[in-house]
Structures are given as structure tokens and as C-alpha cells.
Amino acid sequence: MKIEAIKAALPTKKLTNDDILALIEEYSKPTFTGDLKAALSKINFFLRYSGSDTRHWLDKDERPIDLVARAFQEAITEANCDKNDIDLLVYTGIGRGFIEPAAAYHIAASLGLQQAECFDILDACMSWTRTLNIVHSLLQTGRYKRALIVNAECNMRFGGPVFPTVFQLPNVEAIEWSFPAYTLGEAATATILSCDPDREWEFHFKSRPDLADLCNVPLDGYEGYCTPSQRIGLNGINKFTSFGVELHANAFPEFINIFKCLKAPIEEIRAIFPHASSKREWDKVAEALNLKHLLWHIYPTYGNLVSASVPTGIASAIAAGQIKRGDRIAGWVGSAGMSFCAYSFIY
């Protein structure tokens with residue numbers, strides 16, 4: 001499978017850590033019990049400790065579909081193909097406007113893709129990576145010639161699953177299950193893929209469903225679809241709840257074990273693209289395997305882009321001249337679920 005083009009589009013509103021702290025202070029003042037200044041100081045420390053600096057959110061006149069269209073147009077231009085050449089479109093990621101039908105249908109209609117079969121894949125921050133693996137298998141069957149993967153991880157809209165609810169802290173304890181919300185950025189990506197038997201891909205996945213209650217956005221009535229846990233829904237129904245410290249603590253050994261599954265020679269890898277959940281935590285894992293020098297981080301600049309993290313990282317590395325055609329690269333992802341993946345391929 002060949003990546004013919006991979007592009008990312010970012011919104012224009014840029015926020016610093018200080019902007020995030022100001023928003024938390026504004027929305028927490030009416031509800032907070034205790035020392036708010038001490039809580040803000042704690043969040044500030046965590047942000048800077050993780051390596052966070054800036055992130056981008058949609059401005060008032062911007063829409064997720066506009067970012068998708070921009071990324072798609074740049075991708076199709078680079079791939080030198082026509083819209084009608086795309087016969088499969090997969091929408092992937094958490095940011096979405098529809099539960100029914102699959103978001104891919106509305107994306108296809110907006111982009112003018114009349115020949116493409118459509119469906120969605122949703123697997124939290126693993127979504128784009130999981131889709132790569134599935135599309136790789138589908139292209140090998142010969143059923144499709146060219147596939148498009150798109151996402152629009154724009155989850156910070158007012159009244160959405162994160163903002164402002166998770167910025168309305170009731171007490172300092174709530175930071176434990178709310179902090180990851182303050183690292184989120186927004187982006188859309190478009191990836192065009194075609195079958196190429198000369199480019200081998202290697203994927204390794206592992207799931208840890210026993211950790212499923214560490215990061216959730218529960219729907220109304222979720223209790224009937226799971227074994228209930230006191231961790232789920234602490235910020236409310238349809239709202240984001242995430243225990244970031246525990247996620248990374250449990251992920252550390254899994255990250256090491258899954259990367260060791262790769263058969264690709266380490267000395268051939270030009271760059272490794274981690275999920276943008278924390279620069280410091282990923283550096284710790286990479287240091288354990290003597291791989292820190294290979295990590296390409298976008299977290300400090302763009303924040304956690306959810307399922308758009310790795311494709312945005314790859315697109316930015318290409319633009320910066322960090323990788324070129326013929327280079328071997330690797331992806332390294334951990335996600336709510338929990339799930340873990342390491343994969344490698346020739347760009």
C-alpha cells in the first residue's frame with residue numbers, strides 16, 4: 001500500500017497554556033469549592049511538565065467541513081488524481097456531526113465524491129491507525145483501487161463533549177479525570193492510499209478492555225451496554241472524562257512490548273510518530289528503548305489531536321523535509337479502550 005498523499009488542515013485560533021488556564025478560571029469560579037488558584041497552579045504545572053505549549057481551535061467563522069475540504073484538496077492535488085478515482089471513503093475519529101448515518105456519507109456529498117463507497121471506523125485515538133490496517137487489507141483484495149481516509153477532530157465547540165463543561169471544575173480532585181481535556185487541539189486530515197505490493201506494511205495491535213473505564217464519552221443509557229464503573233461519566237453524560245495519569249501509567253509497559261513486536265530493523269527507521277498525548281511521557285517510553293532521537297513530536301505545538309495526531313505528524317514531517325519518499329517510518333499509538341499499536345512501512 002502506498003500513501004499517495006497525506007495532508008492536515010488546522011484552524012486559525014491559537015491558544016497558549018495561559019489561555020487555557022484563563023478559561024478554566026472563568027468557568028470554574030461560580031462552581032469551585034476550595035482554593036482555585038492552587039488548582040490552576042497544579043494544572044499549569046501538569047501542562048508544562050507534559051510539554052504542552054499551544055494548540056489550535058476553530059474560530060467563530062470556521063467549520064470542521066471547511067478543514068476537511070482544504071486537506072482533501074491539497075491531498076488530491078498532490079496525488080494527481082480525480083475525485084472519481086476514489087472508490088472508498090472512510091471517515092474516522094471522534095469528532096463527528098452524526099450518529100446516523102455514517103459521517104462518511106455526508107463528507108462524500110460535501111466533497112463531491114459520487115463514486116466512493118462510504119463507511120466509518122470509530123476507535124477513539126486509534127481510529128486512523130486502525131483504519132490504515134483495514135484499508136491495507138481491502139486494497140490487497142483488489143476490490144478498491146484508491147481509498148481516502150478523512151477525519152475532523154474538532155471537539156472543542158461550545159456545548160460539546162469538552163467545552164465548557166470540563167472547564168467548570170467543582171474542586172481540585174476533578175483535575176484527576178479532567179486534565180487531558182486541557183491538552184486538546186483541533187485538526188482535520190486527508191490521506192489518499194492505493195495498492196502497492198512493493199510497499200510492505202507491518203502492524204501489531206493489542207487491546208486491554210480491562211482498562212475501558214479510564215477514558216470515556218458516555219451516551220445516555222450507557223449503563224445498559226456495559227458493566228457499570230464509578231469512573232464513567234464523572235463529568236456528565238455526553239461529556240469527556242479521562243484519567244490521564246493512569247492511562248499513561250498502564251500504557252508504559254504495553255508501549256514497550258508492542259514496539260518490540262516490530263520486525264523492521266530499528267536502524268532503518270527514519271522517524272517514529274507517536275500519538276500526541278504527552279511529549280514527556282512518550283519521551284520516557286522511547287528512552288527506555290533508546291529511541292528518543294527518532295520521535296517526531298507535534299504535541300507541544302498542536303496539542304492532542306486525537307485520531308488526527310499521527311497523520312498530522314507525518315504531514316508536518318514531510319513538509320519540514322524530515323522524511324522523504326523511500327524512508328522507513330513507524331507509528332506508535334496508545335488509545336482509550338485501551339488499545340496499543342506499533343506499525344512500520346516505507347513512505
# chains A, B, ... in the order shown; residues from 1 in each chain; ligands from 1
$ select_by_dssp --residues "segment 277-344 of chain A" --states "strand (DSSP E or B)" --output "short mmCIF file (atom, residue, chain, number, x, y, z; two decimals) with N, CA, C and O atoms, in the first residue's frame"
data_model
loop_
_atom_site.label_atom_id
_atom_site.label_comp_id
_atom_site.auth_asym_id
_atom_site.auth_seq_id
_atom_site.Cartn_x
_atom_site.Cartn_y
_atom_site.Cartn_z
N LEU A 295 11.77 10.18 17.67
CA LEU A 295 10.40 10.67 17.84
C LEU A 295 10.21 12.02 17.16
O LEU A 295 11.04 12.92 17.28
N ASN A 304 -3.01 17.58 21.73
CA ASN A 304 -3.52 16.24 21.44
C ASN A 304 -4.60 16.36 20.37
O ASN A 304 -5.69 16.89 20.62
N ARG A 328 11.82 4.61 5.64
CA ARG A 328 11.00 3.77 6.53
C ARG A 328 10.61 4.58 7.75
O ARG A 328 11.46 5.22 8.38
N ILE A 329 9.34 4.57 8.07
CA ILE A 329 8.85 5.28 9.25
C ILE A 329 8.00 4.33 10.08
O ILE A 329 7.62 3.25 9.62
N ALA A 330 7.70 4.76 11.30
CA ALA A 330 6.90 3.92 12.19
C ALA A 330 5.87 4.77 12.93
O ALA A 330 6.09 5.96 13.17
N GLY A 331 4.76 4.14 13.26
CA GLY A 331 3.74 4.76 14.10
C GLY A 331 3.67 4.03 15.42
O GLY A 331 3.92 2.81 15.49
N TRP A 332 3.31 4.77 16.48
CA TRP A 332 3.32 4.21 17.84
C TRP A 332 2.16 4.86 18.58
O TRP A 332 2.21 6.05 18.89
N VAL A 333 1.12 4.10 18.85
CA VAL A 333 -0.13 4.69 19.33
C VAL A 333 -0.68 3.96 20.54
O VAL A 333 -0.65 2.72 20.60
N GLY A 334 -1.18 4.74 21.49
CA GLY A 334 -1.97 4.21 22.58
C GLY A 334 -3.29 4.95 22.61
O GLY A 334 -3.34 6.15 22.29
N SER A 335 -4.35 4.29 22.98
CA SER A 335 -5.68 4.88 22.85
C SER A 335 -6.60 4.41 23.97
O SER A 335 -6.37 3.37 24.59
N SER A 339 -6.14 0.44 23.83
CA SER A 339 -5.52 -0.30 22.75
C SER A 339 -4.15 0.29 22.46
O SER A 339 -3.88 1.46 22.76
N PHE A 340 -3.28 -0.55 21.86
CA PHE A 340 -1.91 -0.17 21.59
C PHE A 340 -1.51 -0.71 20.22
O PHE A 340 -1.94 -1.79 19.82
N CYS A 341 -0.66 0.06 19.53
CA CYS A 341 -0.24 -0.38 18.20
C CYS A 341 1.14 0.15 17.88
O CYS A 341 1.50 1.28 18.24
N ALA A 342 1.92 -0.67 17.20
CA ALA A 342 3.18 -0.24 16.58
C ALA A 342 3.13 -0.74 15.14
O ALA A 342 2.74 -1.88 14.90
N TYR A 343 3.50 0.11 14.21
CA TYR A 343 3.49 -0.31 12.81
C TYR A 343 4.60 0.39 12.05
O TYR A 343 5.13 1.41 12.49
N SER A 344 4.97 -0.19 10.91
CA SER A 344 6.08 0.35 10.13
C SER A 344 5.80 0.13 8.65
O SER A 344 5.15 -0.84 8.26
#
$ residues_around --residues "segment 276-281 of chain A" --least-positions-apart "4" --cutoff "6 Å" --atoms "only C-alpha atoms" --output "list in words"
Ser50, Gly51, Tyr299, Asn304 and Ser309 of chain A
$ write_last_selection --atoms "N, CA, C and O atoms" --output "JSON list (two decimals), in the first residue's frame"
[["chain", "number", "residue", "atom", "x", "y", "z"],
["A", 50, "SER", "N", 4.10, 18.15, 30.85],
["A", 50, "SER", "CA", 3.79, 17.25, 29.73],
["A", 50, "SER", "C", 4.42, 17.70, 28.42],
["A", 50, "SER", "O", 4.51, 16.93, 27.47],
["A", 51, "GLY", "N", 4.83, 18.97, 28.36],
["A", 51, "GLY", "CA", 5.41, 19.51, 27.13],
["A", 51, "GLY", "C", 4.44, 20.34, 26.33],
["A", 51, "GLY", "O", 4.73, 20.74, 25.20],
["A", 299, "TYR", "N", 2.90, 17.43, 19.74],
["A", 299, "TYR", "CA", 2.14, 17.79, 20.94],
["A", 299, "TYR", "C", 2.44, 19.19, 21.45],
["A", 299, "TYR", "O", 1.51, 19.94, 21.78],
["A", 304, "ASN", "N", -3.01, 17.58, 21.73],
["A", 304, "ASN", "CA", -3.52, 16.24, 21.44],
["A", 304, "ASN", "C", -4.60, 16.36, 20.37],
["A", 304, "ASN", "O", -5.69, 16.89, 20.62],
["A", 309, "SER", "N", -3.71, 12.90, 15.26],
["A", 309, "SER", "CA", -2.36, 13.15, 15.74],
["A", 309, "SER", "C", -1.28, 12.59, 14.81],
["A", 309, "SER", "O", -0.37, 13.31, 14.40]]
$ atom_distance --atom1 "atom CA of Ala71 of chain A" --atom2 "atom CA of Gly337 of chain A"
28.2 Å
$ closest_residue --among "A:Ser52, A:Asn290, A:Thr131, A:Ser178" --to "Asn235 of chain A" --atoms "only C-alpha atoms"
A:Ser178
$ residues_around --residues "Ala69 of chain A" --least-positions-apart "2" --cutoff "10 Å" --atoms "only C-alpha atoms" --output "PyMOL selection string"
chain A and resi 9+64-67+71-75+107+110-111+150+188-190
$ write_last_selection --atoms "all heavy atoms" --output "short mmCIF file (atom, residue, chain, number, x, y, z; two decimals), in the first residue's frame"
data_model
loop_
_atom_site.label_atom_id
_atom_site.label_comp_id
_atom_site.auth_asym_id
_atom_site.auth_seq_id
_atom_site.Cartn_x
_atom_site.Cartn_y
_atom_site.Cartn_z
N ALA A 9 -5.07 20.00 7.96
CA ALA A 9 -5.55 21.39 7.97
C ALA A 9 -5.86 21.77 9.41
O ALA A 9 -6.56 21.04 10.12
CB ALA A 9 -6.78 21.56 7.10
N PRO A 64 -15.69 22.44 10.76
CA PRO A 64 -14.90 21.24 10.51
C PRO A 64 -14.86 20.84 9.04
O PRO A 64 -13.81 20.45 8.53
CB PRO A 64 -15.61 20.18 11.37
CG PRO A 64 -16.23 20.96 12.49
CD PRO A 64 -16.65 22.26 11.87
N ILE A 65 -15.99 20.94 8.35
CA ILE A 65 -16.04 20.53 6.95
C ILE A 65 -15.13 21.39 6.08
O ILE A 65 -14.60 20.92 5.06
CB ILE A 65 -17.50 20.55 6.41
CG1 ILE A 65 -17.59 19.86 5.06
CG2 ILE A 65 -18.05 21.95 6.37
CD1 ILE A 65 -17.23 18.39 5.08
N ASP A 66 -14.92 22.65 6.49
CA ASP A 66 -14.00 23.51 5.75
C ASP A 66 -12.57 23.00 5.86
O ASP A 66 -11.81 23.04 4.88
CB ASP A 66 -14.08 24.96 6.26
CG ASP A 66 -15.47 25.56 6.10
OD1 ASP A 66 -16.17 25.19 5.13
OD2 ASP A 66 -15.85 26.41 6.92
N LEU A 67 -12.20 22.53 7.05
CA LEU A 67 -10.86 21.97 7.21
C LEU A 67 -10.70 20.68 6.41
O LEU A 67 -9.66 20.45 5.78
CB LEU A 67 -10.58 21.69 8.69
CG LEU A 67 -10.61 22.86 9.67
CD1 LEU A 67 -10.19 22.39 11.06
CD2 LEU A 67 -9.71 24.00 9.20
N ALA A 71 -7.90 20.07 3.45
CA ALA A 71 -6.95 18.96 3.48
C ALA A 71 -7.14 18.05 2.27
O ALA A 71 -6.17 17.59 1.65
CB ALA A 71 -7.11 18.17 4.77
N PHE A 72 -8.40 17.81 1.90
CA PHE A 72 -8.70 16.95 0.75
C PHE A 72 -8.19 17.55 -0.55
O PHE A 72 -7.60 16.86 -1.38
CB PHE A 72 -10.20 16.70 0.66
CG PHE A 72 -10.62 16.01 -0.61
CD1 PHE A 72 -10.26 14.70 -0.86
CD2 PHE A 72 -11.36 16.69 -1.57
CE1 PHE A 72 -10.63 14.07 -2.05
CE2 PHE A 72 -11.75 16.08 -2.74
CZ PHE A 72 -11.38 14.76 -2.98
N GLN A 73 -8.42 18.83 -0.75
CA GLN A 73 -7.99 19.47 -1.98
C GLN A 73 -6.47 19.42 -2.12
O GLN A 73 -5.94 19.14 -3.21
CB GLN A 73 -8.47 20.93 -2.02
CG GLN A 73 -8.23 21.60 -3.38
CD GLN A 73 -8.87 20.83 -4.52
OE1 GLN A 73 -10.08 20.55 -4.51
NE2 GLN A 73 -8.08 20.47 -5.52
N GLU A 74 -5.77 19.65 -1.02
CA GLU A 74 -4.31 19.57 -1.07
C GLU A 74 -3.85 18.15 -1.35
O GLU A 74 -2.88 17.91 -2.09
CB GLU A 74 -3.72 20.07 0.24
CG GLU A 74 -3.90 21.57 0.47
CD GLU A 74 -3.34 22.03 1.80
OE1 GLU A 74 -2.74 21.18 2.52
OE2 GLU A 74 -3.47 23.22 2.12
N ALA A 75 -4.55 17.17 -0.77
CA ALA A 75 -4.17 15.76 -0.96
C ALA A 75 -4.42 15.31 -2.38
O ALA A 75 -3.57 14.65 -2.99
CB ALA A 75 -4.94 14.88 0.03
N ILE A 107 -19.63 13.55 4.31
CA ILE A 107 -18.34 14.05 3.83
C ILE A 107 -18.24 13.85 2.33
O ILE A 107 -17.83 14.76 1.58
CB ILE A 107 -17.18 13.33 4.54
CG1 ILE A 107 -17.20 13.61 6.05
CG2 ILE A 107 -15.84 13.74 3.93
CD1 ILE A 107 -16.94 15.05 6.42
N SER A 110 -20.33 16.37 0.51
CA SER A 110 -19.74 17.71 0.56
C SER A 110 -18.54 17.84 -0.36
O SER A 110 -18.30 18.90 -0.95
CB SER A 110 -19.33 18.05 2.00
OG SER A 110 -20.46 18.12 2.83
N LEU A 111 -17.77 16.75 -0.51
CA LEU A 111 -16.57 16.80 -1.35
C LEU A 111 -16.85 16.44 -2.80
O LEU A 111 -15.95 16.53 -3.65
CB LEU A 111 -15.51 15.83 -0.79
CG LEU A 111 -15.00 16.11 0.63
CD1 LEU A 111 -13.96 15.07 1.03
CD2 LEU A 111 -14.43 17.52 0.75
N VAL A 150 -10.44 10.24 5.98
CA VAL A 150 -10.55 11.61 6.47
C VAL A 150 -11.04 11.60 7.92
O VAL A 150 -11.72 10.69 8.36
CB VAL A 150 -11.52 12.47 5.62
CG1 VAL A 150 -10.97 12.68 4.23
CG2 VAL A 150 -12.90 11.86 5.57
N ALA A 188 -8.04 18.58 10.94
CA ALA A 188 -8.64 17.62 10.01
C ALA A 188 -7.53 17.09 9.11
O ALA A 188 -6.58 17.83 8.79
CB ALA A 188 -9.73 18.26 9.17
N THR A 189 -7.64 15.83 8.72
CA THR A 189 -6.62 15.27 7.83
C THR A 189 -7.28 14.50 6.69
O THR A 189 -8.41 14.03 6.80
CB THR A 189 -5.66 14.32 8.58
OG1 THR A 189 -6.35 13.12 8.97
CG2 THR A 189 -5.07 15.00 9.81
N ALA A 190 -6.53 14.38 5.60
CA ALA A 190 -6.96 13.61 4.44
C ALA A 190 -5.78 12.77 3.97
O ALA A 190 -4.69 13.31 3.73
CB ALA A 190 -7.45 14.52 3.33
#
$ closest_atom_pairs --of "segment 216-265 of chain A" --to "segment 116-130 of chain A" --cutoff "12 Å" --atoms "only C-alpha atoms" --output "Markdown table"
| residue | atom | partner | partner_atom | distance |
| --- | --- | --- | --- | --- |
| A:Asn216 | CA | A:Ala124 | CA | 9.2 |
| A:Val217 | CA | A:Ala124 | CA | 10.0 |
| A:Phe240 | CA | A:Ala124 | CA | 11.8 |
$ closest_residue --among "A:Pro164, A:Ala104, A:Gly93, A:Gly233" --to "Glu25 of chain A" --atoms "only C-alpha atoms"
A:Pro164
$ residues_around --residues "Ile192 of chain A" --least-positions-apart "6" --cutoff "12 Å" --atoms "only C-alpha atoms" --output "PyMOL selection string"
chain A and resi 1-7+71-83+85-90+132+135-136+139+145-150+311
$ select_by_dssp --residues "segment 20-208 of chain A" --states "alpha helix (DSSP H)" --output "PyMOL selection string"
chain A and resi 20-28+36-50+64-79+103-111+127-141
$ atom_distance --atom1 "atom CA of Lys324 of chain A" --atom2 "atom CA of Lys292 of chain A"
20.1 Å
$ residues_around --residues "Glu176 of chain A" --least-positions-apart "4" --cutoff "9 Å" --atoms "only C-alpha atoms" --output "short mmCIF file (atom, residue, chain, number, x, y, z; two decimals) with N, CA and C atoms, in the first residue's frame"
data_model
loop_
_atom_site.label_atom_id
_atom_site.label_comp_id
_atom_site.auth_asym_id
_atom_site.auth_seq_id
_atom_site.Cartn_x
_atom_site.Cartn_y
_atom_site.Cartn_z
N VAL A 172 -10.59 20.56 43.36
CA VAL A 172 -9.26 20.19 42.86
C VAL A 172 -9.20 18.71 42.49
N PRO A 180 -6.71 15.79 30.79
CA PRO A 180 -6.44 15.61 29.36
C PRO A 180 -7.25 16.55 28.45
N SER A 242 -11.50 11.57 31.51
CA SER A 242 -10.28 10.84 31.17
C SER A 242 -9.27 10.92 32.31
N PHE A 243 -8.80 9.76 32.76
CA PHE A 243 -7.80 9.67 33.81
C PHE A 243 -6.42 9.58 33.17
N GLY A 244 -5.86 10.74 32.83
CA GLY A 244 -4.63 10.78 32.05
C GLY A 244 -3.44 10.11 32.70
N VAL A 245 -3.24 10.33 34.00
CA VAL A 245 -2.09 9.75 34.68
C VAL A 245 -2.16 8.23 34.65
#
$ closest_atom_pairs --of "segment 178-280 of chain A" --to "segment 284-289 of chain A" --cutoff "8 Å" --atoms "only C-alpha atoms" --output "JSON lines"
{"residue": "A:Phe252", "atom": "CA", "partner": "A:Val285", "partner_atom": "CA", "distance": 6.3}
{"residue": "A:Phe255", "atom": "CA", "partner": "A:Val285", "partner_atom": "CA", "distance": 7.1}
{"residue": "A:Ile256", "atom": "CA", "partner": "A:Val285", "partner_atom": "CA", "distance": 6.8}
{"residue": "A:Arg280", "atom": "CA", "partner": "A:Lys284", "partner_atom": "CA", "distance": 6.3}
